[in-house]
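Chemist: Quick one: the structure is below, questions incoming.
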Amino acid sequence: MGKNQNGENLGSDGGNEKGNPDEFSSESGSKFDHVLKDVDRFIEKLDSGENEFTYIDQFLEMVDSEIGIYENREASAKFGLNMEEDDSFFEAVKRLSTIISKLEEFPSDSGVTSCLNRAGSLHHRAMLLSENEFRVLVDNPNHAVDVNTDGYEDELKSKAEEEFICFSPESLAIMNRIASTMIFAGCEAECCIAYSGYRLKALDVELSKLSFENINVDDAEKMSWESLEVEIGNWINITKHFTDNIFSGERKLCNSVFSEHPSIAQRVFCELATPLATRLLNFLNAIVLPRQYSAEKLFKFLDIYEALHDLNNLELGDYLSAKEFMSETSMVQCRIGETVVSIFSQLENSIKSDNAGRIPVAGGAVHPLTRYTMNYLKYACEYKDTLEQVFRKHDEMEGLTVEKAPENDIEQDDRCLPTSPFALKLMEVMDSLDDNIEMKSKLYRSPALCYIFLMNNGRYILQKIKESEISDMLGHSWSRKRTSDLRRYHKLYQRETWSNVLQTISHEGVQVNGKVSKTIVKDRFKNFNALFDEILKTQSTWLVSDGQLKSELRVSISSVMIPAYRSFVARFQSHFDNSKQAGKYIKYQPEDIEELIEQLFEGNTTSMNRR
Amino acid sequence: MTGTDNQSSFLGRISIRRNQVNAMDGSHEQEIEDLDVFQKQVSDRFADLLSAPDDSPADAFLSISWIRKLLDVFLSCEAESKGMLLMGCDAAQISKSPLDRLIPEILDRVVKALDICNAVANGLELVRHCQRLAEIAVLALEQKPFGEGPARRAKKALVSLMLAMHLDDKESSVQKTTERSWSFGRRGGNKDRPPFGHYKSLSWQVAKNWSAAKQIHAMTMNVVPPRGPEASGLPSLVFIMNLIMVFVMWVLITAIPCQERNGLTTHLPIPKNVNWTQSLAGLHDKIGDEWKKKEKKGMAGLLFELQKMEKLGQSLIEFTDSFQYPGEKDKAEEAAKQVAELAEVCRRMEEGLVPLQMLTREVFHRLVKSRNEILDLLDQTAKSSSPVV
């Protein structure tokens with residue numbers, strides 16, 4: 001400790017007054033400051049061309065012993081015991097660097113070079129001890145946590161687990177100081193290598209904790225979808241965690257440790273984040289090999305796409321490696337996008353190929369395909385923005401011009417929306433669904449049931465559109481057209497089913513030669529009853545699941561039928577001989593009609609004949 | 001880019017000639033002729049690579065720029081052969097033997113090659129790290145006047161360098177020597193080797209139990225030249241594609257540090273006594289011999305720059321180890337020469353590593369694309385769908 005390494009005695013003063021080896025008394029401290037001032041003056045003199053090595057030797061002796069003190073201290077506790085002491089140390093090291101670089105400019109004679117040699121050795125020792133201490137500190141964040149010991153160990157542990165990066169302010173300060181000094185002293189490379197190495201290790205441990213493992217392309221190809229899905233879900237969570245929390249934490253840490261050198265902080269962050277992000281990206285490279293993915297897989301890939309978006313937005317800087325990473329991410333994102341497009345396109349195919357035999361859905365109810373498609377689209381449109389992006393990109397790549405809408409879909413509207421590629425695709429799917437529904441409606445022998453079917457499915461579609469983002473994409477006029485279609489079907493149904501019935505209770509044609517014909521009245525009632533019974537029997541088994549539609553139908557039937565029946569009954573019931581005869585023919589009272597209409601469209605399957 | 005230029009002109013020539021031949025039988029002869037031309041091209045390109053000087057400032061054999069050339073050659077051969085395959089394949093042939101077996105096999109090999117590309121990208125990061133350590137050593141060694149401080153700094157960096165280059169050798173004798181005699185004051189008796197600045201260099205983005213040696217071995221299975229009536233036309237083309245791909249992947253693994261190369265084969269199924277394979281065989285033998293020689297001693301890879309770094313590094317460690325101020329003039333001069341060489345190696349790495357990394361990624365993506373195209377072809381012609389997942 002404190003030995004002159006060259007064996008040469010350069011100058012005046014031999015040893016100095018040394019205090020207790022393990023303590024740096026304030027007396028020595030002020031003497032040290034004094035020496036530092038002398039050194040500063042010496043440096044000035046060097047600059048001005050005068051040669052005086054007297055001060056240097058004294059200074060080197062002090063630095064030598066000081067380094068020795070720090071070398072002998074236990075690792076991880078070298079700094080932080082005494083702020084002033086540490087300050088002196090770092091300042092001394094910086095002075096040492098400055099002296100060395102000044103002396104190097106001198107013509108080499110033995111005086112200079114042997115002085116330089118000693119200074120250089122000391123410099124290296126200082127750097128070595130600093131670097132080693134730096135390593136220890138970076139490697140053990142939990143160790144360095146100096147929490148206000150209200151301390152249950154478990155609480156500490158869980159806190160450490162929560163906050164991935166858990167350096168105490170004291171450790172950070174020391175690391176910062178070491179880094180600045182090393183950089184000043186020309187050892188930036190060692191410092192950055194040490195820092196990156198240990199942070200990468202910490203990040204790797206974090207990934208392992210989250211059960212992330214590298215996967216071979218070879219193995220991924222052979223995995224079952226079930227296993228792959230689990231891995232993908234895990235990947236999405238991990239990536240989100242990293243982009244939301246970890247990367248920003250690391251960036252802050254870099255900025256803290258290298259606070260005096262923002263460009264270095266930026267570069268070091270890039271050198272950390274890029275390998276880590278690349279490792280995450282590689283997982284996707286392994287799995288995005290073409291397979292036919294079925295329709296439900298869409299949402300997983302959309303999640304992946306969105307996670308990639310965040311990964312792509314990491315501000316890594318202008319470095320070549322960063323640019324490489326970004327272009328790689330874009331490529332992968334593109335591939336995922338293409339997968340999304342191909343999966344989504346399958347929807348249309350499966351709609352078109354759904355013939356479901358020649359057997360129509362019982363009771364004219366909403367077809368399972370309608371339900372599936374609309375729920376699928378509703379869920380998909382929760383990813384509306386991402387899907388817009390994906391389809392736009394796809395069209396660009398295919399060289400298609402964007403924003404070209406079929407003419408009948410654009411209207412001068414208060415909400416005239418530009419039709420994006422995804423919206424157009426959506427319209428295509430809806431059109432296919434419409435065609436399919438129409439085709440299926442023709443399977444019904446009864447035209448009335450056909451209209452009920454059309455109304456049921458149309459209503460369901462409109463409902464789903466309203467409750468989701470789909471309405472925004474398709475536009476106002478599209479919905480309006482649907483609504484008017486529904487009204488049309490309603491009218492058609494009404495006419496088809498009830499016009500004949502209405503005819504039986506029409507006031508016209510009851511009179512013969514100006515007098516009410518009892519026969520005709522009897523016939524009329526008979527026919528009414530028969531028709532009404534038939535309708536009741538049949539159409540009670542039909543199903544309208546939408547409450548509002550059901551009530552609309554019933555209300556519109558009632559509002560026509562009941563007044564008409566009531567007035568017919570009122571007008572003609574007196575023409576029966578007696579109440580017994582009346583009772584035979586007038587099966588229903590107007591109130592009965594009202595009640596029975598309420599039974600329509602309940603889907604009661606007690607009746608056999610469902611046409 | 002030369003790759004695509006060659007491809008377009010080559011394919012252009014084929015298609016023109018295709019159009020000129022109108023006999024049905026003629027198309028088979030056409031295939032044979034195309035294949036001959038292609039084989040000659042392959043032979044020429046690899047002969048070019050074989051003729052590289054063993055030690056030169058720029059394009060030495062197995063240097064970074066040589067490897068870049070190799071990958072360029074691979075990309076153009078790949079493009080041309082794939083083009084021929086896609087053009088020449090029709091539904092009838094694909095569903096019959098031997099193509100019904102050969103095509104899925106080559107796709108499987110492509111997948112394995114992708115893993116190798118990833119491992120190589122991983123290894124190149126390690127090489128980059130070596131570059132950084134060497135640069136520290138150069139910085140220290142170039143200090144004037146030189147002293148014991150810089151000497152120790154250089155030695156520390158060089159020792160880290162040696163260790164980094166031998167990280168995949170578990171039983172390497174070099175490693176043991178290093179740890180024993182060149183300790184530099186770390187906590188003694190530490191079972192966990194302190195990471196020398198580059199954490200998990202070889203397995204960072206490679207699966208845990210992956211082995212480069214096993215991967216190559218798996219890729220070489222069933223790579224046999226087609227015989228008999230199958231010996232011309234598409235089966236031959238597929239054989240050439242397989243051979244080139246396996247060869248190039250093998251070279252990469254020998255040159256760049258990769259996880260688990262113990263037992264790497266030095267015997268690829270390159271047919272002897274065939275005209276066009278001679279340059280390929282020559283390269284294979286030369287590299288294989290080098291590998292066998294160096295494998296026993298343990299080493300990072302045959303990459304010219306790494307080998308140079310190792311040699312210079314060892315020598316400079318001795319220099320710094322024995323340095324005592326003020327040092328001996330002739331030793332210093334010798335060292336200065338070596339430092340200048342090391343600096344030159346670092347410069348070449350600085351210039352060429354990132355382009356090489358980018359080229360490796362390009363190879364990766366090209367392989368993915370080609371695989372997709374072939375799968376599309378299979379889907380269309382055979383109308384068989386891969387099982388919907």
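Labeling convention for the structure tokens: chains A, B, ... as they appear, residues from 1 per chain, ligands from 1 in order of appearance.
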Write out as a PyMOL selection string which residues come within 9 Å of stretch 134-147 of chain B when counting only C-alpha atoms, dropping same-chain ones fewer than 4 positions away.
Modeler: (chain A and resi 104+108+113-114+116-118+120-121+187+189-190) or (chain B and resi 129-130+151-158+161+309+313+320+323-327+335-336+339-340+342-343+346)
Chemist: Using only C-alpha atoms, which protein or nucleic acid residues come within 9 Å of stretch 335-350 of chain A? Drop anything in the same chain fewer than 5 positions from it, and give the result as a list in words.
Modeler: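 Close residues of stretch 335-350 of chain A: Leu284, Val288, Pro290, Gln292, Tyr293, Ser294, Ala295, Glu296, Lys297, Leu298, Phe299, Phe301, Leu302, Ile304, Tyr305, Ser330, Thr373, Leu387, Gln389, Val390, Phe391, Lys393, His394, Lys425, Glu428, Val429, Met430, Ser432 and Leu433 of chain A.
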Chemist: Which polymer residues have any atom within 9 Å of an atom of stretch 571-580 of chain A, counting only C-alpha atoms, with same-chain residues fewer than 3 positions away left out, as a PyMOL selection string?
Modeler: chain A and resi 507+516-518+521-522+566-568+583-586
Chemist: What lies within 10 Å of stretch 259-276 of chain A using only C-alpha atoms, ignoring chain neighbours under 5 positions off, as an NGL selection string?
Modeler: (:A and (176-177 or 179-180 or 183 or 188 or 192-193 or 195-197 or 199-200 or 203-204 or 207 or 242 or 246-248 or 250-254 or 281-282 or 314-319 or 321-326)) or (:B and (122 or 125 or 204-205))
Chemist: Go ahead and dump the residues you just picked, N, CA and C atoms, as a compact mmCIF listing (two decimals), in the first residue's frame.
Modeler:
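Once written, again21.txt looks like this:
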# COMPACT_ATOMS: atom_id res chain seq x y z
N ASN A 176 -23.49 6.48 -10.92
CA ASN A 176 -23.40 7.66 -11.76
C ASN A 176 -22.01 8.27 -11.69
N ARG A 177 -21.55 8.38 -10.47
CA ARG A 177 -20.24 9.00 -10.27
C ARG A 177 -19.14 8.18 -10.91
N ALA A 179 -19.44 6.06 -13.36
CA ALA A 179 -19.56 6.12 -14.82
C ALA A 179 -18.95 7.41 -15.35
N SER A 180 -19.33 8.53 -14.73
CA SER A 180 -18.78 9.82 -15.20
C SER A 180 -17.27 9.82 -15.14
N ILE A 183 -15.74 7.53 -17.79
CA ILE A 183 -15.85 8.12 -19.12
C ILE A 183 -14.85 9.25 -19.28
N GLU A 188 -14.59 4.66 -21.22
CA GLU A 188 -16.01 4.55 -21.54
C GLU A 188 -16.37 3.14 -21.99
N CYS A 192 -19.32 0.85 -20.33
CA CYS A 192 -20.54 0.49 -21.05
C CYS A 192 -20.68 -1.02 -21.20
N ILE A 193 -19.57 -1.68 -21.45
CA ILE A 193 -19.63 -3.13 -21.59
C ILE A 193 -20.11 -3.77 -20.29
N TYR A 195 -21.86 -2.37 -17.89
CA TYR A 195 -23.26 -2.03 -17.64
C TYR A 195 -24.20 -2.88 -18.49
N SER A 196 -23.92 -2.90 -19.79
CA SER A 196 -24.80 -3.66 -20.69
C SER A 196 -24.84 -5.13 -20.30
N GLY A 197 -23.66 -5.67 -19.97
CA GLY A 197 -23.60 -7.09 -19.65
C GLY A 197 -24.53 -7.46 -18.51
N ARG A 199 -27.02 -5.66 -17.19
CA ARG A 199 -28.43 -5.36 -17.42
C ARG A 199 -29.07 -6.42 -18.32
N LEU A 200 -28.29 -6.87 -19.31
CA LEU A 200 -28.82 -7.93 -20.17
C LEU A 200 -29.10 -9.18 -19.34
N LEU A 203 -32.30 -8.63 -17.50
CA LEU A 203 -33.45 -8.73 -18.40
C LEU A 203 -33.71 -10.18 -18.76
N ASP A 204 -32.65 -10.94 -18.92
CA ASP A 204 -32.81 -12.35 -19.24
C ASP A 204 -33.50 -13.09 -18.11
N LEU A 207 -37.10 -12.35 -18.17
CA LEU A 207 -37.79 -13.13 -19.19
C LEU A 207 -38.03 -14.56 -18.71
N PHE A 242 -43.07 -5.59 -21.28
CA PHE A 242 -41.79 -4.96 -21.59
C PHE A 242 -41.98 -3.58 -22.19
N ILE A 246 -40.94 -2.27 -18.63
CA ILE A 246 -39.51 -2.58 -18.50
C ILE A 246 -38.62 -1.65 -19.32
N PHE A 247 -38.97 -1.46 -20.57
CA PHE A 247 -38.08 -0.64 -21.39
C PHE A 247 -37.98 0.78 -20.86
N SER A 248 -39.11 1.31 -20.42
CA SER A 248 -39.03 2.68 -19.92
C SER A 248 -38.22 2.71 -18.63
N GLU A 250 -35.71 0.75 -17.95
CA GLU A 250 -34.30 0.66 -18.32
C GLU A 250 -33.78 1.99 -18.85
N ARG A 251 -34.63 2.64 -19.61
CA ARG A 251 -34.21 3.92 -20.16
C ARG A 251 -33.93 4.92 -19.04
N LYS A 252 -34.84 4.91 -18.06
CA LYS A 252 -34.64 5.82 -16.92
C LYS A 252 -33.33 5.50 -16.21
N LEU A 253 -33.09 4.21 -16.06
CA LEU A 253 -31.87 3.80 -15.38
C LEU A 253 -30.63 4.27 -16.14
N CYS A 254 -30.66 4.06 -17.44
CA CYS A 254 -29.54 4.54 -18.27
C CYS A 254 -29.34 6.04 -18.07
N LEU A 281 -38.90 -10.65 -30.97
CA LEU A 281 -39.33 -10.70 -32.36
C LEU A 281 -39.08 -12.07 -32.98
N ASN A 282 -37.99 -12.68 -32.58
CA ASN A 282 -37.64 -13.98 -33.17
C ASN A 282 -38.70 -15.02 -32.94
N LEU A 314 -40.61 1.76 -29.97
CA LEU A 314 -39.52 2.01 -29.03
C LEU A 314 -38.57 3.00 -29.66
N GLU A 315 -38.28 4.06 -28.97
CA GLU A 315 -37.35 5.01 -29.57
C GLU A 315 -35.94 4.57 -29.30
N LEU A 316 -35.40 3.87 -30.27
CA LEU A 316 -34.08 3.32 -30.05
C LEU A 316 -32.97 4.23 -30.52
N GLY A 317 -33.32 5.23 -31.28
CA GLY A 317 -32.25 6.12 -31.73
C GLY A 317 -31.94 5.90 -33.20
N ASP A 318 -30.92 6.59 -33.66
CA ASP A 318 -30.61 6.59 -35.08
C ASP A 318 -29.57 5.58 -35.48
N TYR A 319 -29.25 4.68 -34.58
CA TYR A 319 -28.15 3.76 -34.88
C TYR A 319 -28.56 2.76 -35.94
N SER A 321 -28.07 -0.40 -35.98
CA SER A 321 -28.70 -1.59 -35.43
C SER A 321 -30.17 -1.33 -35.12
N ALA A 322 -30.46 -0.09 -34.68
CA ALA A 322 -31.84 0.25 -34.39
C ALA A 322 -32.67 0.24 -35.66
N LYS A 323 -32.10 0.83 -36.71
CA LYS A 323 -32.84 0.88 -37.98
C LYS A 323 -33.09 -0.52 -38.51
N GLU A 324 -32.07 -1.36 -38.37
CA GLU A 324 -32.23 -2.76 -38.77
C GLU A 324 -33.39 -3.40 -38.03
N PHE A 325 -33.40 -3.17 -36.73
CA PHE A 325 -34.44 -3.78 -35.91
C PHE A 325 -35.82 -3.30 -36.35
N MET A 326 -35.92 -1.98 -36.60
CA MET A 326 -37.21 -1.44 -36.99
C MET A 326 -37.67 -2.02 -38.31
N ASN B 122 -26.95 -14.64 -33.85
CA ASN B 122 -26.55 -14.64 -32.45
C ASN B 122 -25.02 -14.60 -32.32
N GLU B 125 -23.26 -11.37 -33.00
CA GLU B 125 -23.29 -10.43 -31.87
C GLU B 125 -22.08 -10.67 -30.98
N TRP B 204 -28.43 -16.62 -26.39
CA TRP B 204 -29.31 -15.48 -26.16
C TRP B 204 -30.62 -15.62 -26.92
N GLN B 205 -30.49 -15.91 -28.22
CA GLN B 205 -31.74 -16.06 -28.95
C GLN B 205 -31.82 -17.40 -29.66
Chemist: Please give the complete set of residues from stretch 204-276 of chain B that DSSP, run on the backbone, assigns to alpha helix (DSSP H), formatted as JSON, numbers by chain.
Modeler: {"B": [212, 213, 214, 215, 216, 217, 218, 219, 220, 234, 235, 236, 237, 238, 239, 240, 241, 242, 243, 244, 245, 246, 247, 248, 249, 250, 251, 252, 253, 254, 255]}
Chemist: Could you check the closest approach to B:Gly301 for each of B:Pro257, B:Pro53, B:Pro271, B:Gly263 and tell me which residue wins, using only C-alpha atoms?
Modeler: B:Pro257
Chemist: Extract, using only C-alpha atoms, all DNA, RNA and protein residues at most 8 Å from stretch 363-377 of chain B, discarding same-chain residues fewer than 2 positions from it, and format them as a list in words.
Modeler: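 The filter keeps Leu289 and Pro290 of chain A; Leu71, Leu75, Lys82, Leu86, Leu107, Val110, Leu114, Cys117, Asn118, Leu359, Thr360, Arg361, Asp379, Gln380 and Thr381 of chain B.
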Chemist: Restricted to C-alpha atoms, what would the selected residues look like written as a PDB file, in the first residue's frame?
Modeler:
ATOM      1  CA  LEU A 289     -44.895 -19.762 -41.267  1.00  0.00           C
ATOM      2  CA  PRO A 290     -47.916 -20.283 -43.407  1.00  0.00           C
TER       3      PRO A 290
ATOM      4  CA  LEU B  71     -24.020 -15.517 -49.025  1.00  0.00           C
ATOM      5  CA  LEU B  75     -28.830 -15.906 -52.754  1.00  0.00           C
ATOM      6  CA  LYS B  82     -36.169 -21.743 -57.202  1.00  0.00           C
ATOM      7  CA  LEU B  86     -41.437 -23.105 -59.882  1.00  0.00           C
ATOM      8  CA  LEU B 107     -39.047 -27.494 -47.159  1.00  0.00           C
ATOM      9  CA  VAL B 110     -35.290 -24.810 -45.249  1.00  0.00           C
ATOM     10  CA  LEU B 114     -33.748 -20.777 -40.646  1.00  0.00           C
ATOM     11  CA  CYS B 117     -29.509 -18.282 -39.606  1.00  0.00           C
ATOM     12  CA  ASN B 118     -30.773 -17.283 -36.187  1.00  0.00           C
ATOM     13  CA  LEU B 359     -27.174 -10.166 -45.193  1.00  0.00           C
ATOM     14  CA  THR B 360     -27.868 -13.049 -42.821  1.00  0.00           C
ATOM     15  CA  ARG B 361     -31.302 -11.614 -42.125  1.00  0.00           C
ATOM     16  CA  ASP B 379     -51.560 -25.956 -52.664  1.00  0.00           C
ATOM     17  CA  GLN B 380     -52.440 -24.981 -56.157  1.00  0.00           C
ATOM     18  CA  THR B 381     -51.275 -27.989 -58.079  1.00  0.00           C
TER      19      THR B 381
END
Chemist: Provide the atom CA of A:Tyr489 to atom CA of A:Tyr451 distance in Å, to one decimal place.
Modeler: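 These two atoms are separated by 5.6 Å.
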Chemist: Please indicate the distance in Å from atom CA of A:Asp219 to atom CA of B:Met219, rounded to one decimal place.
Modeler: 14.5 Å
Chemist: Counting only C-alpha atoms, what is within 9 Å of A:Arg459, bar same-chain residues fewer than 5 positions away, as number ranges by chain?
Modeler: A: 454, 464, 482-483, 486, 546, 549
Chemist: Please determine, counting only C-alpha atoms, which residue among A:Met62, A:Val138, A:Leu320, A:Ala77 has the shortest atom-to-atom distance to chain B.
Modeler: A:Leu320
Chemist: Can you pull out every residue within 12 Å of B:Gly352, counting only C-alpha atoms, but drop anything in the same chain fewer than 2 positions away, and send it as an mmCIF file with N, CA, C and O atoms, in the first residue's frame?
Modeler:
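Output file around.cif is given in full below:
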data_model
loop_
_atom_site.group_PDB
_atom_site.id
_atom_site.type_symbol
_atom_site.label_atom_id
_atom_site.label_comp_id
_atom_site.auth_asym_id
_atom_site.auth_seq_id
_atom_site.Cartn_x
_atom_site.Cartn_y
_atom_site.Cartn_z
ATOM 1 N N ALA B 58 -7.845 -7.620 -47.630
ATOM 2 C CA ALA B 58 -9.280 -7.480 -47.866
ATOM 3 C C ALA B 58 -10.039 -8.801 -47.900
ATOM 4 O O ALA B 58 -10.755 -9.144 -46.983
ATOM 5 N N ASP B 59 -9.872 -9.571 -48.955
ATOM 6 C CA ASP B 59 -10.794 -10.691 -49.167
ATOM 7 C C ASP B 59 -10.237 -12.059 -48.848
ATOM 8 O O ASP B 59 -10.376 -12.971 -49.634
ATOM 9 N N SER B 63 -12.899 -14.782 -44.584
ATOM 10 C CA SER B 63 -13.006 -13.499 -43.895
ATOM 11 C C SER B 63 -14.459 -13.027 -43.955
ATOM 12 O O SER B 63 -15.297 -13.636 -44.623
ATOM 13 N N ILE B 64 -14.704 -11.930 -43.264
ATOM 14 C CA ILE B 64 -16.071 -11.394 -43.260
ATOM 15 C C ILE B 64 -16.521 -11.079 -44.679
ATOM 16 O O ILE B 64 -17.640 -11.426 -45.089
ATOM 17 N N SER B 65 -15.657 -10.457 -45.453
ATOM 18 C CA SER B 65 -16.107 -10.107 -46.797
ATOM 19 C C SER B 65 -16.236 -11.353 -47.676
ATOM 20 O O SER B 65 -17.080 -11.410 -48.568
ATOM 21 N N TRP B 66 -15.435 -12.365 -47.392
ATOM 22 C CA TRP B 66 -15.570 -13.619 -48.138
ATOM 23 C C TRP B 66 -16.900 -14.270 -47.826
ATOM 24 O O TRP B 66 -17.597 -14.782 -48.719
ATOM 25 N N ILE B 67 -17.283 -14.270 -46.556
ATOM 26 C CA ILE B 67 -18.555 -14.858 -46.160
ATOM 27 C C ILE B 67 -19.702 -14.093 -46.826
ATOM 28 O O ILE B 67 -20.708 -14.675 -47.263
ATOM 29 N N ARG B 68 -19.541 -12.758 -46.894
ATOM 30 C CA ARG B 68 -20.584 -11.996 -47.570
ATOM 31 C C ARG B 68 -20.707 -12.424 -49.016
ATOM 32 O O ARG B 68 -21.809 -12.554 -49.558
ATOM 33 N N LYS B 69 -19.569 -12.658 -49.627
ATOM 34 C CA LYS B 69 -19.607 -13.132 -51.025
ATOM 35 C C LYS B 69 -20.304 -14.478 -51.094
ATOM 36 O O LYS B 69 -21.114 -14.730 -51.995
ATOM 37 N N LEU B 124 -22.849 -13.617 -34.455
ATOM 38 C CA LEU B 124 -22.257 -12.376 -34.953
ATOM 39 C C LEU B 124 -22.273 -11.300 -33.878
ATOM 40 O O LEU B 124 -21.405 -10.426 -33.849
ATOM 41 N N VAL B 127 -19.248 -11.888 -31.990
ATOM 42 C CA VAL B 127 -18.091 -11.387 -32.726
ATOM 43 C C VAL B 127 -17.964 -9.880 -32.538
ATOM 44 O O VAL B 127 -16.872 -9.339 -32.348
ATOM 45 N N ARG B 128 -19.097 -9.216 -32.559
ATOM 46 C CA ARG B 128 -19.106 -7.778 -32.333
ATOM 47 C C ARG B 128 -18.535 -7.441 -30.956
ATOM 48 O O ARG B 128 -17.795 -6.471 -30.789
ATOM 49 N N GLN B 131 -14.943 -7.681 -31.017
ATOM 50 C CA GLN B 131 -14.387 -6.484 -31.646
ATOM 51 C C GLN B 131 -14.208 -5.378 -30.625
ATOM 52 O O GLN B 131 -13.181 -4.702 -30.571
ATOM 53 N N GLU B 305 -11.013 -13.250 -39.378
ATOM 54 C CA GLU B 305 -10.742 -12.181 -38.434
ATOM 55 C C GLU B 305 -10.660 -12.707 -37.003
ATOM 56 O O GLU B 305 -9.843 -12.248 -36.207
ATOM 57 N N VAL B 345 -7.735 -5.530 -38.152
ATOM 58 C CA VAL B 345 -8.812 -6.523 -38.029
ATOM 59 C C VAL B 345 -10.071 -5.863 -37.476
ATOM 60 O O VAL B 345 -11.182 -6.092 -37.975
ATOM 61 N N CYS B 346 -9.868 -5.019 -36.455
ATOM 62 C CA CYS B 346 -11.027 -4.328 -35.877
ATOM 63 C C CYS B 346 -11.705 -3.450 -36.918
ATOM 64 O O CYS B 346 -12.935 -3.384 -37.005
ATOM 65 N N ARG B 347 -10.877 -2.795 -37.730
ATOM 66 C CA ARG B 347 -11.452 -1.927 -38.755
ATOM 67 C C ARG B 347 -12.302 -2.740 -39.724
ATOM 68 O O ARG B 347 -13.396 -2.343 -40.114
ATOM 69 N N ARG B 348 -11.783 -3.904 -40.104
ATOM 70 C CA ARG B 348 -12.543 -4.725 -41.048
ATOM 71 C C ARG B 348 -13.839 -5.222 -40.426
ATOM 72 O O ARG B 348 -14.865 -5.325 -41.097
ATOM 73 N N MET B 349 -13.760 -5.519 -39.145
ATOM 74 C CA MET B 349 -14.983 -5.940 -38.469
ATOM 75 C C MET B 349 -15.984 -4.793 -38.425
ATOM 76 O O MET B 349 -17.175 -4.974 -38.677
ATOM 77 N N GLU B 350 -15.450 -3.600 -38.111
ATOM 78 C CA GLU B 350 -16.327 -2.431 -38.022
ATOM 79 C C GLU B 350 -17.032 -2.209 -39.357
ATOM 80 O O GLU B 350 -18.209 -1.894 -39.425
ATOM 81 N N VAL B 354 -21.800 -5.394 -39.571
ATOM 82 C CA VAL B 354 -23.221 -5.056 -39.680
ATOM 83 C C VAL B 354 -23.771 -5.441 -41.051
ATOM 84 O O VAL B 354 -24.846 -6.049 -41.137
ATOM 85 N N PRO B 355 -23.066 -5.146 -42.157
ATOM 86 C CA PRO B 355 -23.560 -5.638 -43.446
ATOM 87 C C PRO B 355 -23.735 -7.162 -43.452
ATOM 88 O O PRO B 355 -24.690 -7.670 -44.049
ATOM 89 N N LEU B 356 -22.823 -7.865 -42.790
ATOM 90 C CA LEU B 356 -22.963 -9.324 -42.766
ATOM 91 C C LEU B 356 -24.211 -9.733 -41.989
ATOM 92 O O LEU B 356 -24.945 -10.634 -42.382
ATOM 93 N N GLN B 357 -24.448 -9.039 -40.879
ATOM 94 C CA GLN B 357 -25.651 -9.333 -40.097
ATOM 95 C C GLN B 357 -26.894 -9.085 -40.946
ATOM 96 O O GLN B 357 -27.837 -9.884 -40.940
ATOM 97 N N MET B 358 -26.866 -7.991 -41.666
ATOM 98 C CA MET B 358 -28.030 -7.683 -42.491
ATOM 99 C C MET B 358 -28.210 -8.727 -43.589
ATOM 100 O O MET B 358 -29.335 -9.119 -43.911
ATOM 101 N N LEU B 359 -27.096 -9.169 -44.131
ATOM 102 C CA LEU B 359 -27.174 -10.166 -45.193
ATOM 103 C C LEU B 359 -27.734 -11.486 -44.649
ATOM 104 O O LEU B 359 -28.524 -12.164 -45.317
#
Chemist: Nearest to chain A among B:Glu341, B:Gly228, B:Ser97, B:Leu353, with distances taken over only C-alpha atoms: which residue is it?
Modeler: B:Leu353
